[in-house]
Every structure is written in C-alpha cells, then in structure tokens.
file start-v2.csv (CSV, C-alpha atoms)
chain,number,residue,atom,x,y,z
A,226,MET,CA,-15.9,23.0,-12.7
A,227,LYS,CA,-13.0,23.3,-10.3
A,228,SER,CA,-9.7,22.1,-11.7
A,229,LYS,CA,-7.6,21.8,-8.6
A,230,THR,CA,-6.7,18.3,-7.4
A,231,TRP,CA,-7.9,17.2,-4.1
A,232,ASN,CA,-5.1,15.4,-2.3
A,233,GLU,CA,-5.7,12.9,0.5
A,234,SER,CA,-2.5,14.1,2.1
A,235,LYS,CA,-3.7,17.7,2.3
A,236,PHE,CA,-7.2,17.1,3.5
A,237,PHE,CA,-8.8,20.0,5.3
A,238,GLY,CA,-5.6,21.9,4.5
A,239,ILE,CA,-3.7,19.7,6.9
A,240,SER,CA,-0.6,18.5,5.2
A,241,ASN,CA,0.4,16.0,7.9
A,242,SER,CA,-2.1,13.2,7.1
A,243,GLY,CA,0.6,10.6,7.5
A,244,TYR,CA,1.5,10.2,3.9
A,245,MET,CA,5.2,10.9,4.3
A,246,GLU,CA,5.2,8.9,7.6
A,247,ASN,CA,3.6,6.1,5.7
A,248,GLN,CA,6.3,6.2,3.1
A,249,LYS,CA,9.0,6.2,5.8
A,250,ASP,CA,7.4,3.3,7.7
A,251,PHE,CA,7.1,1.4,4.4
A,252,LEU,CA,10.8,1.6,3.8
A,253,ALA,CA,11.8,1.2,7.5
A,254,MET,CA,9.9,-2.1,7.8
A,255,LEU,CA,11.5,-3.8,4.8
A,256,PRO,CA,13.7,-6.9,5.4
A,257,ARG,CA,17.4,-6.8,4.7
A,258,VAL,CA,19.1,-9.3,2.4
A,259,GLY,CA,21.2,-11.9,4.3
A,260,GLY,CA,19.7,-10.9,7.6
A,261,GLU,CA,17.0,-12.3,9.7
A,262,SER,CA,13.9,-10.1,10.1
A,263,TYR,CA,11.5,-10.3,13.0
A,264,TRP,CA,7.8,-9.7,13.0
A,265,ILE,CA,5.3,-9.3,15.7
A,266,SER,CA,2.1,-11.3,15.5
A,267,ASP,CA,-0.8,-8.9,16.2
A,268,ALA,CA,-2.7,-11.8,17.8
A,269,THR,CA,0.0,-13.0,20.1
A,270,MET,CA,2.4,-10.0,20.4
A,271,VAL,CA,5.2,-12.6,20.3
A,272,HIS,CA,8.4,-12.0,18.4
A,273,LEU,CA,8.8,-14.8,15.8
A,274,PRO,CA,11.8,-15.3,13.5
A,275,LEU,CA,11.1,-14.8,9.8
A,276,LYS,CA,13.9,-16.3,7.8
A,277,LEU,CA,14.3,-14.6,4.5
A,278,LEU,CA,16.5,-14.5,1.4
A,279,LYS,CA,19.0,-17.2,2.4
B,81,MET,CA,9.3,-6.9,-7.1
B,82,ASP,CA,7.5,-3.6,-6.7
B,83,ILE,CA,4.0,-3.9,-8.0
B,84,GLY,CA,2.7,-0.7,-9.5
B,85,CYS,CA,6.1,0.9,-9.5
B,86,ASN,CA,5.1,4.2,-11.0
B,87,ASP,CA,8.2,6.1,-12.1
B,88,GLY,CA,10.5,3.7,-10.2
B,89,SER,CA,11.9,6.3,-7.7
B,90,PHE,CA,10.3,4.6,-4.7
B,91,THR,CA,11.3,1.2,-6.1
B,92,ALA,CA,14.9,2.3,-6.3
B,93,LYS,CA,14.7,3.2,-2.6
B,94,ILE,CA,13.3,-0.2,-1.7
B,95,ALA,CA,16.1,-1.9,-3.7
B,96,GLU,CA,18.7,0.2,-2.0
B,97,ILE,CA,17.4,-0.7,1.5
B,98,THR,CA,16.9,-4.4,0.8
B,99,LYS,CA,20.2,-4.6,-1.1
B,100,ALA,CA,18.3,-6.5,-3.7
B,101,LYS,CA,20.6,-8.0,-6.4
B,102,LYS,CA,17.8,-7.7,-9.0
B,103,THR,CA,14.9,-5.4,-8.9
B,104,TYR,CA,11.7,-5.7,-10.9
B,105,GLY,CA,8.6,-3.7,-11.4
B,106,ILE,CA,5.2,-3.9,-12.9
B,107,GLU,CA,3.5,-0.8,-14.2
B,108,VAL,CA,0.5,-0.2,-16.4
B,109,ASP,CA,1.5,3.3,-17.7
B,110,ILE,CA,4.1,3.1,-20.5
B,111,ASN,CA,5.6,6.5,-19.7
B,112,GLN,CA,6.0,5.6,-16.0
B,113,ALA,CA,7.5,2.3,-17.1
B,114,ASN,CA,10.1,4.1,-19.2
B,115,ALA,CA,11.0,6.3,-16.3
B,116,THR,CA,11.3,3.2,-14.1
B,117,ILE,CA,13.9,1.7,-16.5
B,118,GLN,CA,16.0,4.8,-16.0
B,119,GLN,CA,16.2,3.8,-12.3
B,120,GLY,CA,17.8,0.5,-13.2
B,121,VAL,CA,14.6,-1.5,-12.6
B,122,ARG,CA,13.5,-4.3,-14.9
B,123,VAL,CA,10.0,-3.4,-15.6
B,124,LYS,CA,7.1,-5.1,-17.4
B,125,ILE,CA,4.0,-3.3,-18.6
B,126,CYS,CA,0.9,-5.1,-17.3
B,127,ASP,CA,-2.6,-4.4,-16.2
B,128,LEU,CA,-2.6,-5.5,-12.5
B,129,ASN,CA,-6.1,-6.8,-12.9
B,130,LYS,CA,-4.7,-9.5,-15.2
B,131,PRO,CA,-2.2,-12.3,-14.7
B,132,PHE,CA,1.3,-11.1,-13.9
B,133,PRO,CA,4.0,-11.8,-16.5
B,134,PHE,CA,6.3,-13.8,-14.2
B,135,GLU,CA,6.9,-17.4,-13.5
B,136,ASN,CA,5.9,-19.2,-10.2
B,137,ASN,CA,7.9,-18.7,-7.0
B,138,PHE,CA,10.2,-16.1,-8.6
B,139,PHE,CA,10.5,-13.3,-6.0
B,140,ASP,CA,12.0,-13.0,-2.5
B,141,ILE,CA,10.2,-9.7,-1.7
B,142,ILE,CA,7.0,-8.2,-3.1
B,143,THR,CA,5.9,-4.7,-2.3
B,144,ALA,CA,2.8,-2.7,-3.4
B,145,ASN,CA,2.6,0.8,-2.0
B,146,GLN,CA,-0.7,2.7,-2.6
B,147,VAL,CA,-1.7,0.4,-5.4
B,148,VAL,CA,-4.5,-2.0,-4.4
B,149,GLU,CA,-7.0,0.9,-4.0
B,150,HIS,CA,-6.7,1.4,-7.8
B,151,LEU,CA,-7.6,-2.2,-8.8
B,152,TYR,CA,-10.9,-3.9,-9.2
B,153,ASP,CA,-9.8,-7.6,-9.3
B,154,HIS,CA,-8.3,-8.4,-5.9
B,155,ASP,CA,-8.7,-12.1,-6.4
B,156,ASN,CA,-6.3,-11.8,-9.3
B,157,PHE,CA,-4.0,-9.5,-7.4
B,158,PHE,CA,-3.6,-11.6,-4.3
B,159,GLY,CA,-3.6,-14.9,-6.2
B,160,GLU,CA,-0.9,-13.7,-8.6
B,161,MET,CA,1.1,-12.2,-5.7
B,162,ARG,CA,1.1,-15.6,-4.0
B,163,ARG,CA,1.9,-17.4,-7.2
B,164,ILE,CA,5.1,-15.4,-8.0
B,165,LEU,CA,6.3,-15.1,-4.4
B,166,LYS,CA,8.7,-17.8,-3.2
B,167,LYS,CA,7.8,-19.9,-0.2
B,168,GLY,CA,9.0,-17.9,2.8
B,169,GLY,CA,9.1,-14.7,0.8
B,170,PHE,CA,8.1,-11.4,2.3
B,171,PHE,CA,5.4,-9.1,1.2
B,172,LYS,CA,4.3,-5.6,2.2
B,173,ILE,CA,1.2,-3.7,1.1
B,174,SER,CA,0.1,-0.2,2.0
B,175,THR,CA,-3.2,1.5,1.2
B,176,LEU,CA,-5.8,4.0,2.3
B,177,ASN,CA,-8.1,3.0,5.1
B,178,LEU,CA,-11.8,2.8,4.5
B,179,CYS,CA,-12.3,3.1,8.3
B,180,ALA,CA,-10.3,6.3,8.7
B,181,TRP,CA,-12.3,8.8,10.7
B,182,HIS,CA,-12.8,11.2,7.8
B,183,ASN,CA,-14.4,8.5,5.7
B,184,ILE,CA,-16.6,7.6,8.6
B,185,ALA,CA,-17.5,11.2,9.2
B,186,PHE,CA,-18.5,11.8,5.6
B,187,THR,CA,-20.7,8.6,5.6
B,188,ILE,CA,-22.4,9.6,8.8
B,189,LEU,CA,-23.2,13.0,7.2
B,190,GLY,CA,-24.7,11.2,4.3
B,191,MET,CA,-21.9,12.0,1.9
B,192,GLN,CA,-19.6,9.9,-0.3
B,193,PRO,CA,-16.4,9.0,1.5
B,194,PRO,CA,-13.7,11.2,-0.3
B,195,GLY,CA,-11.3,8.3,-0.6
B,196,MET,CA,-13.7,6.2,-2.6
B,197,HIS,CA,-13.9,7.7,-6.1
B,198,LEU,CA,-16.7,7.2,-8.5
B,199,CYS,CA,-15.4,9.1,-11.5
B,200,LYS,CA,-12.6,11.5,-12.4
B,201,VAL,CA,-13.9,14.2,-10.0
B,202,GLN,CA,-15.3,14.1,-6.5
B,203,MET,CA,-19.0,13.4,-6.3
B,204,GLY,CA,-21.5,13.3,-3.5
B,205,ASN,CA,-19.7,15.5,-1.0
B,206,PHE,CA,-18.5,19.1,-0.5
B,207,LEU,CA,-15.3,18.4,-2.5
B,208,TYR,CA,-17.5,18.1,-5.6
B,209,GLY,CA,-15.6,18.7,-8.8
B,210,THR,CA,-12.1,18.4,-7.6
B,211,GLU,CA,-10.0,15.8,-9.4
B,212,THR,CA,-9.6,12.3,-8.0
B,213,HIS,CA,-6.9,9.6,-8.3
B,214,GLY,CA,-8.9,6.6,-9.4
B,215,HIS,CA,-9.5,4.8,-6.1
B,216,ILE,CA,-11.8,2.0,-7.0
B,217,LYS,CA,-12.0,0.0,-3.7
B,218,LEU,CA,-10.9,0.8,-0.2
B,219,PHE,CA,-10.1,-1.8,2.5
B,220,SER,CA,-10.8,-1.8,6.2
B,221,PRO,CA,-7.8,-3.0,8.2
B,222,LYS,CA,-9.5,-6.3,8.9
B,223,ALA,CA,-10.5,-6.9,5.3
B,224,LEU,CA,-7.0,-6.3,4.1
B,225,ARG,CA,-5.7,-8.8,6.6
B,226,ASP,CA,-8.5,-11.3,5.8
B,227,ILE,CA,-8.0,-11.2,2.1
B,228,ALA,CA,-4.2,-11.8,2.5
B,229,LYS,CA,-4.9,-14.7,4.8
B,230,TYR,CA,-7.6,-16.1,2.5
B,231,TYR,CA,-4.9,-16.2,-0.3
B,232,GLY,CA,-2.5,-18.1,1.9
B,233,PHE,CA,-0.3,-15.5,3.4
B,234,THR,CA,0.8,-15.4,7.0
B,235,ILE,CA,0.2,-11.9,8.3
B,236,GLY,CA,2.9,-10.2,10.4
B,237,ARG,CA,2.7,-6.6,11.4
B,238,MET,CA,0.0,-4.1,10.7
B,239,ARG,CA,0.7,-0.4,11.1
B,240,GLY,CA,-1.2,2.8,10.7
B,241,SER,CA,-0.1,6.4,9.8
B,242,GLY,CA,-2.0,9.7,9.7
B,243,TYR,CA,-4.9,10.4,12.0
B,244,TYR,CA,-7.5,13.0,11.1
B,245,PRO,CA,-8.2,15.5,12.3
B,246,LEU,CA,-5.1,15.5,14.4
B,247,ILE,CA,-1.7,16.7,13.2
B,248,GLY,CA,1.9,16.3,14.1
B,249,PRO,CA,3.0,14.2,17.1
B,250,LEU,CA,-0.6,13.7,18.2
B,251,ALA,CA,-1.5,12.2,14.8
B,252,PHE,CA,1.6,10.0,15.0
B,253,PHE,CA,0.7,8.8,18.5
B,254,PHE,CA,-2.9,8.1,17.8
B,255,SER,CA,-2.2,6.4,14.4
B,256,LYS,CA,0.0,3.9,16.3
B,257,LEU,CA,-2.5,3.5,19.2
B,258,ASP,CA,-5.6,3.2,17.0
B,259,LYS,CA,-4.5,2.0,13.6
B,260,THR,CA,-8.0,0.8,12.9
B,261,HIS,CA,-9.0,4.4,12.2
B,262,SER,CA,-5.7,5.8,10.8
B,263,VAL,CA,-5.6,7.4,7.3
B,264,TYR,CA,-3.2,4.8,5.9
B,265,ILE,CA,-2.7,1.1,6.8
B,266,MET,CA,0.1,-1.3,5.9
B,267,ILE,CA,0.5,-5.0,6.4
B,268,SER,CA,3.4,-7.3,5.9
B,269,GLY,CA,4.0,-11.0,6.2
B,270,TYR,CA,5.2,-14.0,4.3
B,271,LYS,CA,4.0,-16.8,2.1

call {"tool": "encode", "arguments": {"input": "start-v2.csv", "output": "structure tokens"}}
result
Amino acid sequence: MKSKTWNESKFFGISNSGYMENQKDFLAMLPRVGGESYWISDATMVHLPLKLLK
Amino acid sequence: MDIGCNDGSFTAKIAEITKAKKTYGIEVDINQANATIQQGVRVKICDLNKPFPFENNFFDIITANQVVEHLYDHDNFFGEMRRILKKGGFFKISTLNLCAWHNIAFTILGMQPPGMHLCKVQMGNFLYGTETHGHIKLFSPKALRDIAKYYGFTIGRMRGSGYYPLIGPLAFFFSKLDKTHSVYIMISGYK
C-alpha cells in the first residue's frame, strides 16, 4: 500500500490549488475590533453596514 | 472563538488581526489543544459533534477554517454556533467545495470524488491507497449558505479560491469569477 499522503493542495502536482490564497482571504476578511465592517449581499450586491463588537 | 483550532497558530493570527481581547478555541485532539495553549489561547477539548462547552451569547466572532468537512453532525455544529454567538456577532466558515471541477470530473468518470473520504486511504479512484484527512461531508456553495440560513444566520460574502486545473493568476481570476466551482469556498455573515 502506498504510504504517501495525498494533499488537496497539491492535486495533480499543482501546488497552487488556492489553499494559501484561502488562508489569506480568511484572515483578510475578518472584522476589526472597534471598527465597522461592511459586507456585500450576494443577492443584492449592495453594501450594508455590519456593526460589530461595540 | 476559533472552532477546530488545531495547534492554535492560525487562531493566534486571527486574534492578532481582530485585536481580540480574549481568544478561545475548541479542539478535539489533546496534543493540538496543548499546543494551542502555548499560543495564549484559552482552549477547551470537545468533540464538535457534541454540545460546545460555552454559555449562550458568549462570543463576538466565531471562525471555523477547514473544519466542517470533518464533522458528521452539522445540525449540532450550526445550532451550537448560533447559540454561543452574540446577536450581531460575526462568523466565518471555510471548507472544500463539493462542486469543484475536480470532484465533478471524478464523478463523471465514475470515480469517488477525492475530497470525500470513505476511510483512512483513498478508495474508488486512481489515488487508491494514499492517505486521507478524514473528510466526512462536503458542501456545495449553495448548501453551505442554505444550512447557515436555516440556522438563523444572515449570510454576507461568499468567496472562492483555487480553480483546477488552472494555476497562478488564471486560477485566482476564475475562482473569483466562478466561485461555484472553486476548490475552496468561504462564507461570512452574522447572527
């Protein structure tokens, strides 16, 4: 039995599956304490205020 | 709160970016939980298929990065996430995409999608015998959004990343253009 680990991020030998990009996006899209974040509704594409962490 | 915090290194980055005064994690693996403590994170050991050991309306932000695909009880997961998140609190979930082109291609060819694991090694495709990561369930983008809505969350942004078989800038471009078929999907929103 093969012992190597198949990794989703290196599928077909392609290392750029988006895993690192996913990690970066995940961090980039986090809200900041004391600030006001904004989100875009996929349905309406309208910017709406999202008040957080008052 | 970082659900499924692993060794806490990514949790520490989240805490730094959000400037969180207190950071918590839940982890099922005791060794990873011990590593998380070294990152200054308050961690509780818990099976994420069971009730979370926190009181109602406790957290401002909840994150779960590459976690939900490892669980079997998503009614528990989303219900508990809603219970412990404050009203108006923010959540973010990221997972693999069932509708990614490589999963579709394998299915069309009559093979097991490689992101959906049946046991500790790959079965039912040409990757037979290679180790897996214990992915129990995969979500389509719509299903991920629907289940979050069903449990009372308002959904904000959805993003995709990775786009087989493309690489580099092309993969980046198409994953944003056609997130329905990207390798990874993430949603965020609030309670």

call {"tool": "interface_residues", "arguments": {"input": "start-v2.csv", "of": "chain B", "to": "chain A", "cutoff": "9 Å", "atoms": "only C-alpha atoms", "output": "PyMOL selection string"}}
result
chain B and resi 90+93-94+97-100+140-141+145+168-174+194-195+201-202+207-213+235-248+251-252+255+262-266+268-270

call {"tool": "closest_residue", "arguments": {"input": "start-v2.csv", "among": "B:Thr187, B:Asn156, B:Asn129, B:Asn137", "to": "Lys271 (chain B)", "atoms": "only C-alpha atoms"}}
result
B:Asn137

call {"tool": "residues_around", "arguments": {"input": "start-v2.csv", "residues": "Phe138 (chain B)", "least_positions_apart": "6", "cutoff": "7 Å", "atoms": "only C-alpha atoms", "output": "ChimeraX atom specification"}}
result
/B:164-166

call {"tool": "residues_around", "arguments": {"input": "start-v2.csv", "residues": "Cys85 (chain B)", "least_positions_apart": "3", "cutoff": "6 Å", "atoms": "only C-alpha atoms", "output": "PyMOL selection string"}}
result
chain B and resi 82+88+105-107

call {"tool": "atom_distance", "arguments": {"input": "start-v2.csv", "atom1": "CA of Asp153 (chain B)", "atom2": "CA of Ile83 (chain B)"}}
result
14.3 Å

call {"tool": "atom_distance", "arguments": {"input": "start-v2.csv", "atom1": "CA of His150 (chain B)", "atom2": "CA of Leu218 (chain B)"}}
result
8.7 Å

call {"tool": "atom_distance", "arguments": {"input": "start-v2.csv", "atom1": "CA of Leu128 (chain B)", "atom2": "CA of Leu178 (chain B)"}}
result
21.0 Å

call {"tool": "residues_around", "arguments": {"input": "start-v2.csv", "residues": "Lys217 (chain B)", "least_positions_apart": "6", "cutoff": "7 Å", "atoms": "only C-alpha atoms", "output": "NGL selection string"}}
result
:B and (149-150 or 152 or 196)

call {"tool": "closest_residue", "arguments": {"input": "start-v2.csv", "among": "B:Met81, B:Ile216, B:Leu151, B:Ile267", "to": "Cys199 (chain B)", "atoms": "all atoms listed in the file"}}
result
B:Ile216

call {"tool": "residues_around", "arguments": {"input": "start-v2.csv", "residues": "Asn136 (chain B)", "least_positions_apart": "3", "cutoff": "12 Å", "atoms": "only C-alpha atoms", "output": "list of chain:residue names"}}
result
B:Pro131, B:Phe132, B:Pro133, B:Phe139, B:Asp140, B:Gly159, B:Glu160, B:Met161, B:Arg162, B:Arg163, B:Ile164, B:Leu165, B:Lys166, B:Lys167

call {"tool": "write_last_selection", "arguments": {"input": "start-v2.csv", "atoms": "C-alpha atoms", "output": "PDB file, in the frame of the given file"}}
result
ATOM      1  CA  PRO B 131      -2.200 -12.300 -14.700  1.00  0.00           C
ATOM      2  CA  PHE B 132       1.300 -11.100 -13.900  1.00  0.00           C
ATOM      3  CA  PRO B 133       4.000 -11.800 -16.500  1.00  0.00           C
ATOM      4  CA  PHE B 139      10.500 -13.300  -6.000  1.00  0.00           C
ATOM      5  CA  ASP B 140      12.000 -13.000  -2.500  1.00  0.00           C
ATOM      6  CA  GLY B 159      -3.600 -14.900  -6.200  1.00  0.00           C
ATOM      7  CA  GLU B 160      -0.900 -13.700  -8.600  1.00  0.00           C
ATOM      8  CA  MET B 161       1.100 -12.200  -5.700  1.00  0.00           C
ATOM      9  CA  ARG B 162       1.100 -15.600  -4.000  1.00  0.00           C
ATOM     10  CA  ARG B 163       1.900 -17.400  -7.200  1.00  0.00           C
ATOM     11  CA  ILE B 164       5.100 -15.400  -8.000  1.00  0.00           C
ATOM     12  CA  LEU B 165       6.300 -15.100  -4.400  1.00  0.00           C
ATOM     13  CA  LYS B 166       8.700 -17.800  -3.200  1.00  0.00           C
ATOM     14  CA  LYS B 167       7.800 -19.900  -0.200  1.00  0.00           C
TER      15      LYS B 167
END

call {"tool": "residues_around", "arguments": {"input": "start-v2.csv", "residues": "Leu189 (chain B)", "least_positions_apart": "6", "cutoff": "12 Å", "atoms": "all atoms listed in the file", "output": "compact mmCIF listing (two decimals) with C-alpha atoms, keeping the file's coordinate frame"}}
result
# COMPACT_ATOMS: atom_id res chain seq x y z
CA HIS B 182 -12.80 11.20 7.80
CA ASN B 183 -14.40 8.50 5.70
CA GLY B 204 -21.50 13.30 -3.50
CA ASN B 205 -19.70 15.50 -1.00
CA PHE B 206 -18.50 19.10 -0.50
